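> Just my_file-v1.tsv, nothing more (TSV, C-alpha atoms and all ligand atoms):
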```tsv
chain	number	residue	atom	x	y	z
B	1	MET	CA	-20.57	30.40	11.16
B	2	ALA	CA	-18.65	28.06	13.39
B	3	ARG	CA	-14.96	28.51	14.01
B	4	ASP	CA	-12.38	26.86	11.86
B	5	TYR	CA	-11.58	23.35	13.09
B	6	TYR	CA	-7.84	23.92	12.87
B	7	GLU	CA	-8.24	27.09	14.90
B	8	ILE	CA	-10.30	25.24	17.51
B	9	LEU	CA	-7.51	22.72	17.98
B	10	GLY	CA	-4.86	25.43	17.77
B	11	VAL	CA	-2.90	23.72	15.02
B	12	SER	CA	-1.77	24.74	11.56
B	13	ARG	CA	-3.48	23.42	8.43
B	14	THR	CA	-0.46	21.26	7.76
B	15	ALA	CA	-0.57	19.48	11.11
B	16	ASP	CA	-0.18	15.72	10.81
B	17	LYS	CA	-2.16	13.03	12.60
B	18	GLU	CA	0.16	12.97	15.59
B	19	GLU	CA	0.03	16.73	16.07
B	20	LEU	CA	-3.74	16.70	15.84
B	21	LYS	CA	-3.95	13.93	18.38
B	22	ARG	CA	-1.64	15.71	20.80
B	23	ALA	CA	-3.56	18.95	20.44
B	24	TYR	CA	-6.84	17.17	20.96
B	25	ARG	CA	-5.64	15.27	24.04
B	26	ARG	CA	-4.27	18.40	25.61
B	27	LEU	CA	-7.47	20.40	25.07
B	28	ALA	CA	-9.79	17.54	25.95
B	29	ARG	CA	-8.04	17.10	29.29
B	30	LYS	CA	-8.45	20.79	29.96
B	31	TYR	CA	-12.10	21.15	29.02
B	32	HIS	CA	-13.53	17.75	29.80
B	33	PRO	CA	-16.73	18.32	31.82
B	34	ASP	CA	-15.52	15.88	34.47
B	35	VAL	CA	-12.61	18.13	35.33
B	36	ASN	CA	-13.65	21.58	34.18
B	37	LYS	CA	-16.81	22.90	35.82
B	38	GLU	CA	-16.48	26.44	34.45
B	39	PRO	CA	-19.33	27.72	32.33
B	40	GLY	CA	-18.65	27.21	28.65
B	41	ALA	CA	-16.19	24.37	29.20
B	42	GLU	CA	-18.66	21.76	28.09
B	43	GLU	CA	-19.48	23.64	24.89
B	44	ARG	CA	-15.80	24.04	24.25
B	45	PHE	CA	-15.23	20.34	24.82
B	46	LYS	CA	-17.91	19.43	22.29
B	47	GLU	CA	-16.39	21.81	19.80
B	48	ILE	CA	-12.93	20.31	20.29
B	49	SER	CA	-14.26	16.78	19.95
B	50	SER	CA	-16.16	17.56	16.76
B	51	ALA	CA	-13.14	19.25	15.22
B	52	TYR	CA	-10.91	16.33	16.09
B	53	GLU	CA	-13.36	13.77	14.87
B	54	VAL	CA	-13.39	15.39	11.45
B	55	LEU	CA	-9.68	16.18	11.17
B	56	SER	CA	-8.51	12.79	12.41
B	57	ASP	CA	-10.38	11.03	9.62
B	58	SER	CA	-8.40	11.53	6.42
B	59	GLU	CA	-11.45	11.25	4.19
B	60	MET	CA	-13.47	13.76	6.21
B	61	LYS	CA	-10.46	16.02	6.59
B	62	ALA	CA	-10.02	16.14	2.83
B	63	ARG	CA	-13.67	17.06	2.42
B	64	TYR	CA	-13.43	19.70	5.12
B	65	ASP	CA	-10.31	21.19	3.54
B	66	ARG	CA	-12.13	21.46	0.23
B	67	PHE	CA	-15.67	22.36	1.15
B	68	GLY	CA	-15.49	23.57	4.74
B	69	GLU	CA	-18.14	22.53	7.18
B	70	ALA	CA	-20.68	21.89	4.42
B	71	GLY	CA	-18.50	18.99	3.30
B	72	VAL	CA	-18.79	17.20	6.63
B	73	SER	CA	-22.26	18.14	7.81
B	74	GLY	CA	-24.34	15.15	8.74
B	75	GLY	CA	-21.11	13.55	9.87
B	76	ALA	CA	-19.22	13.95	13.06
B	77	ALA	CA	-20.06	17.60	13.56
B	78	SER	CA	-23.68	16.85	14.30
B	79	GLY	CA	-23.35	13.55	16.09
B	80	PHE	CA	-21.41	14.26	19.23
B	81	SER	CA	-21.43	11.25	21.41
B	82	SER	CA	-19.88	10.36	24.68
B	83	ASP	CA	-20.45	8.49	27.87
B	84	PHE	CA	-19.73	10.65	30.87
B	85	SER	CA	-20.50	7.99	33.44
B	86	ASP	CA	-17.22	6.21	32.78
B	87	SER	CA	-14.12	6.95	34.76
B	88	PHE	CA	-11.74	9.59	33.50
B	89	ALA	CA	-9.08	7.26	32.09
B	90	ASP	CA	-11.57	4.96	30.44
B	91	ILE	CA	-13.20	7.86	28.70
B	92	PHE	CA	-10.03	8.76	26.93
B	93	GLU	CA	-9.36	5.20	25.94
B	94	SER	CA	-12.81	4.81	24.51
B	95	PHE	CA	-12.58	8.12	22.74
B	96	PHE	CA	-9.49	7.15	20.90
B	97	SER	CA	-10.54	3.65	20.04
B	98	GLY	CA	-13.85	5.11	18.99
B	99	PHE	CA	-12.30	7.57	16.60
B	100	SER	CA	-10.19	5.03	14.86
B	101	GLY	CA	-12.87	2.99	13.28
B	102	GLY	CA	-15.55	2.95	15.94
B	103	VAL	CA	-18.37	5.35	16.58
B	104	GLY	CA	-16.78	8.31	14.89
B	105	THR	CA	-16.27	6.96	11.44
B	106	GLN	CA	-18.86	4.24	11.37
B	107	GLY	CA	-21.56	6.54	12.62
B	108	ARG	CA	-21.78	8.21	9.25
B	109	ARG	CA	-21.51	5.04	7.25
B	110	ARG	CA	-24.47	4.76	4.95
B	111	THR	CA	-25.92	1.46	4.05
B	112	GLY	CA	-25.77	1.33	0.30
B	113	PRO	CA	-23.31	1.41	-2.53
B	114	THR	CA	-19.92	3.00	-1.94
B	115	ARG	CA	-17.21	3.75	-4.47
B	116	GLY	CA	-14.41	1.20	-4.60
B	117	ASP	CA	-10.79	1.88	-3.70
B	118	ASP	CA	-8.25	3.35	-6.08
B	119	LEU	CA	-5.27	1.10	-6.72
B	120	ARG	CA	-1.64	1.82	-7.46
B	121	LEU	CA	0.63	-0.07	-9.80
B	122	ASP	CA	4.31	0.71	-10.40
B	123	LEU	CA	5.60	0.29	-13.92
B	124	SER	CA	9.19	0.57	-15.07
B	125	LEU	CA	9.66	1.63	-18.69
B	126	ASP	CA	12.60	1.38	-21.04
B	127	PHE	CA	14.17	4.71	-21.92
B	128	GLN	CA	12.96	4.55	-25.50
B	129	ASP	CA	9.39	3.55	-24.53
B	130	ALA	CA	9.12	6.57	-22.26
B	131	ILE	CA	10.06	8.83	-25.16
B	132	PHE	CA	7.80	7.47	-27.84
B	133	GLY	CA	5.13	5.78	-25.73
B	134	GLY	CA	3.29	2.71	-26.90
B	135	ASP	CA	0.92	0.02	-25.73
B	136	LYS	CA	1.72	-2.00	-22.62
B	137	GLU	CA	-0.01	-5.05	-21.36
B	138	LEU	CA	-0.32	-5.12	-17.58
B	139	THR	CA	-1.41	-7.82	-15.22
B	140	ILE	CA	-3.45	-6.34	-12.39
B	141	LYS	CA	-5.31	-7.70	-9.41
B	142	HIS	CA	-8.45	-5.97	-8.29
B	143	LEU	CA	-11.79	-6.69	-6.67
B	144	GLU	CA	-14.72	-7.37	-8.94
B	145	THR	CA	-18.35	-7.92	-8.07
B	146	CYS	CA	-18.98	-11.60	-7.37
B	147	GLU	CA	-20.73	-13.07	-10.38
B	148	THR	CA	-22.48	-15.78	-8.40
B	149	CYS	CA	-24.34	-13.50	-6.01
B	150	LYS	CA	-24.14	-10.30	-8.09
B	151	GLY	CA	-22.52	-8.59	-5.12
B	152	SER	CA	-25.16	-9.30	-2.51
B	153	GLY	CA	-22.99	-11.82	-0.66
B	154	ALA	CA	-26.00	-14.07	-0.14
B	155	LYS	CA	-26.20	-17.67	-1.32
B	156	SER	CA	-28.02	-18.07	-4.63
B	157	GLY	CA	-31.76	-18.25	-4.07
B	158	THR	CA	-31.51	-16.20	-0.85
B	159	ARG	CA	-31.32	-12.46	-0.21
B	160	PRO	CA	-29.78	-10.39	2.55
B	161	GLN	CA	-32.40	-9.47	5.15
B	162	ASN	CA	-32.85	-6.11	6.81
B	163	CYS	CA	-31.19	-6.18	10.21
B	164	SER	CA	-33.88	-6.37	12.86
B	165	THR	CA	-31.71	-4.81	15.59
B	166	CYS	CA	-31.21	-1.49	13.82
B	167	GLY	CA	-34.02	-1.67	11.29
B	168	GLY	CA	-31.56	-1.41	8.42
B	169	THR	CA	-29.93	1.87	9.46
B	170	GLY	CA	-26.71	0.26	10.64
B	171	GLN	CA	-26.72	2.40	13.78
B	172	VAL	CA	-28.15	2.09	17.24
B	173	ARG	CA	-28.87	5.13	19.40
B	174	ARG	CA	-28.92	5.28	23.13
B	175	ALA	CA	-29.83	8.29	25.25
B	176	THR	CA	-27.54	8.86	28.20
B	177	ARG	CA	-28.51	11.10	31.08
B	178	THR	CA	-25.71	12.96	32.79
B	179	PRO	CA	-25.52	15.86	35.24
B	180	PHE	CA	-24.84	18.06	32.22
B	181	GLY	CA	-27.89	17.02	30.24
B	182	SER	CA	-28.86	14.21	27.91
B	183	PHE	CA	-26.67	12.98	25.14
B	184	THR	CA	-27.47	10.59	22.40
B	185	GLN	CA	-24.87	7.96	21.90
B	186	VAL	CA	-24.74	6.65	18.38
B	187	SER	CA	-22.89	3.44	17.75
B	188	VAL	CA	-22.49	0.82	15.10
B	189	CYS	CA	-25.19	-1.80	15.18
B	190	PRO	CA	-23.57	-4.85	16.78
B	191	SER	CA	-25.77	-7.30	14.88
B	192	CYS	CA	-24.96	-6.24	11.32
B	193	ASN	CA	-21.70	-4.31	11.89
B	194	GLY	CA	-23.26	-1.23	10.37
B	195	ASN	CA	-24.27	-2.85	7.10
B	196	GLY	CA	-27.97	-2.65	7.88
B	197	GLN	CA	-28.41	-6.09	6.41
B	198	ILE	CA	-27.83	-9.59	7.59
B	199	ILE	CA	-26.81	-12.43	5.33
B	200	GLU	CA	-28.12	-15.66	6.72
B	201	GLU	CA	-26.55	-17.98	4.15
B	202	LYS	CA	-23.36	-16.72	2.59
B	203	CYS	CA	-22.48	-17.01	-1.09
B	204	ILE	CA	-20.03	-19.87	-1.59
B	205	SER	CA	-17.97	-18.11	-4.27
B	206	CYS	CA	-17.13	-14.99	-2.30
B	207	GLY	CA	-17.76	-16.03	1.30
B	208	GLY	CA	-20.36	-13.30	1.72
B	209	ARG	CA	-18.14	-10.39	0.71
B	210	GLY	CA	-19.92	-9.86	-2.58
B	211	GLN	CA	-16.54	-9.35	-4.25
B	212	ASN	CA	-13.72	-11.53	-5.49
B	213	GLU	CA	-10.11	-10.73	-6.25
B	214	VAL	CA	-9.57	-11.12	-9.94
B	215	THR	CA	-6.29	-11.21	-11.86
B	216	LYS	CA	-6.73	-9.53	-15.16
B	217	LYS	CA	-4.71	-8.37	-18.12
B	218	ILE	CA	-5.31	-4.88	-19.38
B	219	LYS	CA	-3.71	-2.92	-22.18
B	220	ILE	CA	-2.80	0.69	-21.58
B	221	THR	CA	-1.42	3.24	-23.99
B	222	ILE	CA	1.60	5.10	-22.69
B	223	PRO	CA	1.75	8.56	-24.24
B	224	GLY	CA	5.09	9.75	-25.62
B	225	GLY	CA	7.13	12.00	-23.33
B	226	VAL	CA	6.39	10.45	-19.95
B	227	ASP	CA	9.10	10.64	-17.32
B	228	ASN	CA	9.98	9.39	-13.85
B	229	GLY	CA	7.04	10.10	-11.58
B	230	THR	CA	4.41	10.47	-14.31
B	231	ARG	CA	1.13	9.03	-13.09
B	232	LEU	CA	-1.42	7.59	-15.47
B	233	ARG	CA	-5.00	7.04	-14.46
B	234	VAL	CA	-6.89	4.08	-15.82
B	235	SER	CA	-10.54	4.76	-15.10
B	236	ASN	CA	-12.63	2.10	-13.40
B	237	GLU	CA	-9.83	-0.46	-13.02
B	238	GLY	CA	-9.57	-0.06	-9.25
B	239	ASP	CA	-11.56	-2.16	-6.82
B	240	VAL	CA	-15.27	-2.36	-7.44
B	241	GLY	CA	-17.47	-0.61	-4.89
B	242	LYS	CA	-19.46	-2.34	-2.17
B	243	MET	CA	-23.04	-3.29	-2.98
B	244	GLY	CA	-22.68	-2.48	-6.65
B	245	GLY	CA	-21.00	0.88	-6.08
B	246	PRO	CA	-18.81	2.28	-8.86
B	247	PRO	CA	-15.22	1.03	-9.10
B	248	GLY	CA	-12.23	3.12	-8.15
B	249	ASP	CA	-9.46	3.97	-10.57
B	250	LEU	CA	-6.10	2.39	-11.18
B	251	TYR	CA	-3.11	4.70	-11.01
B	252	VAL	CA	0.01	3.61	-12.85
B	253	PHE	CA	3.16	5.23	-11.46
B	254	LEU	CA	5.94	5.29	-14.03
B	255	SER	CA	9.67	5.10	-13.63
B	256	VAL	CA	12.12	5.18	-16.50
B	257	LYS	CA	15.20	2.97	-16.81
B	258	ASN	CA	18.59	4.52	-17.48
B	259	HIS	CA	20.13	4.41	-20.93
B	260	PRO	CA	23.82	3.58	-21.43
B	261	GLU	CA	24.39	6.55	-23.70
B	262	PHE	CA	21.56	9.05	-23.25
B	263	LYS	CA	20.26	11.09	-20.36
B	264	ARG	CA	16.99	12.97	-20.06
B	265	ASP	CA	16.82	16.61	-19.09
B	266	GLY	CA	13.14	17.44	-19.32
B	267	ILE	CA	12.33	17.31	-23.01
B	268	ASN	CA	15.98	17.42	-24.06
B	269	ILE	CA	18.29	14.45	-24.44
B	270	LEU	CA	21.91	14.76	-23.45
B	271	SER	CA	24.87	12.71	-24.63
B	272	GLN	CA	28.60	13.02	-25.11
B	273	LEU	CA	30.76	12.54	-28.14
B	274	LYS	CA	34.51	12.07	-28.25
B	275	VAL	CA	36.28	13.53	-31.31
B	276	SER	CA	39.99	13.57	-32.09
B	277	TYR	CA	41.94	16.79	-31.73
B	278	LEU	CA	42.33	16.84	-35.50
B	279	GLN	CA	38.59	16.52	-36.05
B	280	ALA	CA	38.08	19.31	-33.55
B	281	ILE	CA	40.60	21.56	-35.28
B	282	LEU	CA	39.69	20.77	-38.87
B	283	GLY	CA	36.00	20.11	-38.41
B	284	CYS	CA	34.13	17.09	-39.76
B	285	SER	CA	30.80	15.42	-40.13
B	286	LEU	CA	30.12	12.41	-37.91
B	287	GLU	CA	27.35	9.87	-37.54
B	288	VAL	CA	25.87	9.89	-34.03
B	289	ASN	CA	23.20	7.90	-32.22
B	290	THR	CA	19.91	9.58	-31.46
B	291	VAL	CA	16.62	8.17	-30.21
B	292	ASP	CA	15.51	8.25	-33.86
B	293	GLY	CA	18.53	6.20	-34.98
B	294	LYS	CA	21.67	7.42	-36.69
B	295	SER	CA	21.97	11.09	-37.48
B	296	GLU	CA	24.60	13.34	-39.02
B	297	LEU	CA	26.35	15.83	-36.74
B	298	ILE	CA	28.54	18.62	-38.13
B	299	ILE	CA	31.57	19.41	-35.97
B	300	PRO	CA	32.63	22.90	-37.08
B	301	PRO	CA	36.37	23.63	-37.46
B	302	GLY	CA	37.89	24.93	-34.24
B	303	THR	CA	35.41	23.22	-31.94
B	304	GLN	CA	36.47	23.66	-28.31
B	305	PRO	CA	36.30	21.02	-25.55
B	306	ASN	CA	32.86	20.89	-23.86
B	307	THR	CA	31.16	22.68	-26.72
B	308	VAL	CA	27.50	21.69	-26.81
B	309	LEU	CA	26.17	20.99	-30.31
B	310	THR	CA	22.44	20.75	-30.92
B	311	LEU	CA	20.45	18.34	-33.04
B	312	GLU	CA	17.11	20.09	-33.21
B	313	ASP	CA	13.89	18.14	-32.74
B	314	LYS	CA	15.70	14.94	-31.84
B	315	GLY	CA	14.68	15.19	-28.19
B	316	VAL	CA	11.61	14.06	-26.26
B	317	PRO	CA	8.09	14.80	-27.51
B	318	LYS	CA	6.18	17.10	-25.18
B	319	LEU	CA	3.73	15.13	-23.08
B	320	GLY	CA	0.29	15.89	-24.47
B	321	ASN	CA	1.70	17.71	-27.50
B	322	PRO	CA	3.85	15.16	-29.32
B	323	VAL	CA	4.29	17.37	-32.40
B	324	SER	CA	6.59	19.58	-30.39
B	325	ARG	CA	9.89	17.98	-29.48
B	326	GLY	CA	12.93	18.90	-27.47
B	327	ASP	CA	16.50	18.80	-28.80
B	328	HIS	CA	19.38	16.40	-28.53
B	329	LEU	CA	22.34	18.21	-26.97
B	330	ILE	CA	25.76	16.70	-27.57
B	331	THR	CA	28.74	17.72	-25.48
B	332	ILE	CA	31.98	17.39	-27.38
B	333	GLU	CA	34.97	15.82	-25.66
B	334	ILE	CA	38.34	16.11	-27.34
B	335	ASP	CA	40.59	13.11	-27.34
B	336	ILE	CA	44.27	13.94	-26.91
B	337	PRO	CA	46.28	10.83	-27.83
B	338	THR	CA	48.61	9.46	-25.20
B	339	LYS	CA	50.90	7.96	-27.89
B	340	VAL	CA	51.81	9.02	-31.41
B	341	THR	CA	53.77	7.19	-34.12
B	342	ILE	CA	57.18	8.43	-35.25
B	343	GLU	CA	55.70	9.71	-38.46
B	344	GLU	CA	52.93	11.56	-36.61
B	345	ARG	CA	55.45	12.97	-34.20
B	346	GLU	CA	57.58	14.37	-37.01
B	347	LEU	CA	54.56	16.05	-38.53
B	348	LEU	CA	53.49	17.47	-35.19
B	349	GLU	CA	56.97	18.81	-34.48
B	350	LYS	CA	57.01	20.43	-37.88
B	351	LEU	CA	53.67	22.00	-37.11
B	352	ALA	CA	55.01	23.19	-33.78
B	353	SER	CA	58.08	24.75	-35.39
B	354	ILE	CA	55.83	26.60	-37.86
B	355	LYS	CA	53.91	27.95	-34.91
B	356	GLY	CA	57.20	28.72	-33.10
B	357	GLU	CA	56.18	26.62	-30.16
B	358	ARG	CA	58.66	24.87	-27.93
B	359	THR	CA	57.93	21.15	-27.79
B	360	GLY	CA	59.61	17.84	-27.05
B	361	LYS	CA	59.82	15.71	-23.96
B	362	GLY	CA	58.79	17.53	-20.84
B	363	GLY	CA	61.31	19.07	-18.43
B	364	ILE	CA	64.93	20.15	-18.86
B	365	GLU	CA	65.88	17.18	-21.02
B	366	GLY	CA	63.26	18.08	-23.55
B	367	PHE	CA	64.31	21.67	-23.42
B	368	LEU	CA	68.02	20.82	-24.03
B	369	GLY	CA	67.01	18.35	-26.73
B	370	ASN	CA	65.27	21.14	-28.52
B	371	LEU	CA	68.33	23.36	-28.34
B	372	PHE	CA	70.61	20.80	-29.91
B	373	HIS	CA	68.41	19.63	-32.74
B	401	ZN	ZN	-20.79	-14.07	-3.99
```
Write the structure described by the file as structure tokens, please.


Amino acid sequence: MARDYYEILGVSRTADKEELKRAYRRLARKYHPDVNKEPGAEERFKEISSAYEVLSDSEMKARYDRFGEAGVSGGAASGFSSDFSDSFADIFESFFSGFSGGVGTQGRRRTGPTRGDDLRLDLSLDFQDAIFGGDKELTIKHLETCETCKGSGAKSGTRPQNCSTCGGTGQVRRATRTPFGSFTQVSVCPSCNGNGQIIEEKCISCGGRGQNEVTKKIKITIPGGVDNGTRLRVSNEGDVGKMGGPPGDLYVFLSVKNHPEFKRDGINILSQLKVSYLQAILGCSLEVNTVDGKSELIIPPGTQPNTVLTLEDKGVPKLGNPVSRGDHLITIEIDIPTKVTIEERELLEKLASIKGERTGKGGIEGFLGNLFH
């Protein structure tokens, strides 16, 4: 069992591209056979290069993280390639350009169908739509197989021909002799760019790509209970694959607009309600807004400021289980009037005298006023 690639490069599993690159450069300089003649250095250098080739390619890295070496065998790990006859500086340049789209990644490209790309679409929903869901019509742009050439890219009546340079493999191999032994250099076939096929006359509709960008309307059903950040997958609405490969998926990323009155807290809805001090003291029944429309809320006598009253099952349906709903929580604010009429004032003063409370205008004047009346 070979060593762990992260361990070989001396980085953590969370290392980003830059860290990986730095670690690779540092180790490659140290163990490169041109500078390090110690026994084992060359082996070490190969190991480092293979590890970097896998981890620097996000697709291969993901496979390695999931399946270990089995997930990347047949790829970079087996196809070490280099050209030791170049000068030191050039070697590093060619390594890095090679890894980013050259030998490293193209070397394992297979001629044949590949799955298309996944696409992302951002969709902003009204508050109410996020709660109850519903159908939405979306306009998307994605790649579809060209109808004229059925994806071959060749002009109608013609067919792509096998590339004669590489015999249809998309790769050319060259053996290089060095003081350290022979190495096989694998590179992308320059004639067909790795496709393995050559199109002599291109399809007019797609220009030889075999695919066209199509604008399309699709209808999706938003389930009730979605929230900011919910991601919906629409199967097969991504870009179609190359050479008739299966399409990728479309991911719809949702965001929810604010509501003037309501707020979401998970599956609960929060709002505020102002009641008068009399309603708070005496209690009452009030009509309030909910996402289901008007509803009756009982304010019990003696309700205190900031009391939270609950309307059960008037909240958000649980995503995936719409029968179960959250609650609507209403925080009660108590409105103290800034002005009262003369009549109201008389009644309030009477009430205060029953309670034996000192009232009147604030300060000493109010206090004296009370004494003399
Ligand atoms: Zn076409």

> Would you mind listing the residues within 8 Å of ligand ZN 401 (chain B), counting only C-alpha atoms and all ligand atoms, as a ChimeraX atom specification?

/B:145-155,202-212

> What does the distance between atom CA of Lys219 of chain B and atom CA of Asp292 of chain B come to in Å, to one decimal place?

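Computing it gives 25.1 Å between the two atoms.
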
> Under the rule that all atoms listed in the file are counted, which of B:Gly116, B:Gly194, B:Gly326, B:Gly320 is the nearest residue to Leu143 of chain B?

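Ranking B:Gly116, B:Gly194, B:Gly326, B:Gly320 by distance to Leu143 of chain B, first place goes to B:Gly116.
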
> Rounded to one decimal place, report the atom CA of Gly68 of chain B-atom CA of Val186 of chain B distance in Å.

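Atom CA of Val186 of chain B lies 23.6 Å from atom CA of Gly68 of chain B.
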
> Would you please work out which residue, of B:Val240, B:Ile354, B:Thr303, B:Asp34, is nearest to Thr331 of chain B when using all atoms listed in the file?

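Once distances to Thr331 of chain B are computed over all atoms listed in the file, the minimum belongs to B:Thr303.
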
> Compare B:Lys21, B:Ile220, B:Pro39, B:Gly245 by their minimum atom-to-atom distance to Ser56 of chain B, counting all atoms listed in the file, and give me the closest one.

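Using all atoms listed in the file, the shortest distance to Ser56 of chain B belongs to B:Lys21.
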
> For Glu144 of chain B, which residue among B:Glu349, B:Glu213, B:Asp249, B:Asp313 is the nearest when counting only C-alpha atoms?

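Result for the nearest residue to Glu144 of chain B: B:Glu213.
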
> Give me the residues near segment 315-317 of chain B as number ranges by chain, where near means some atom within 10 Å (using all atoms listed in the file) and where sequence neighbours in that chain fewer than 3 positions away do not count.

B: 128, 130-133, 223-227, 264-270, 290-292, 310-312, 320-329

> So, counting only C-alpha atoms, which residue among B:Thr215, B:Thr184, B:Thr230, B:Ser49 is closest to Tyr24 of chain B?

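Among B:Thr215, B:Thr184, B:Thr230, B:Ser49, it is B:Ser49 that comes nearest to Tyr24 of chain B.
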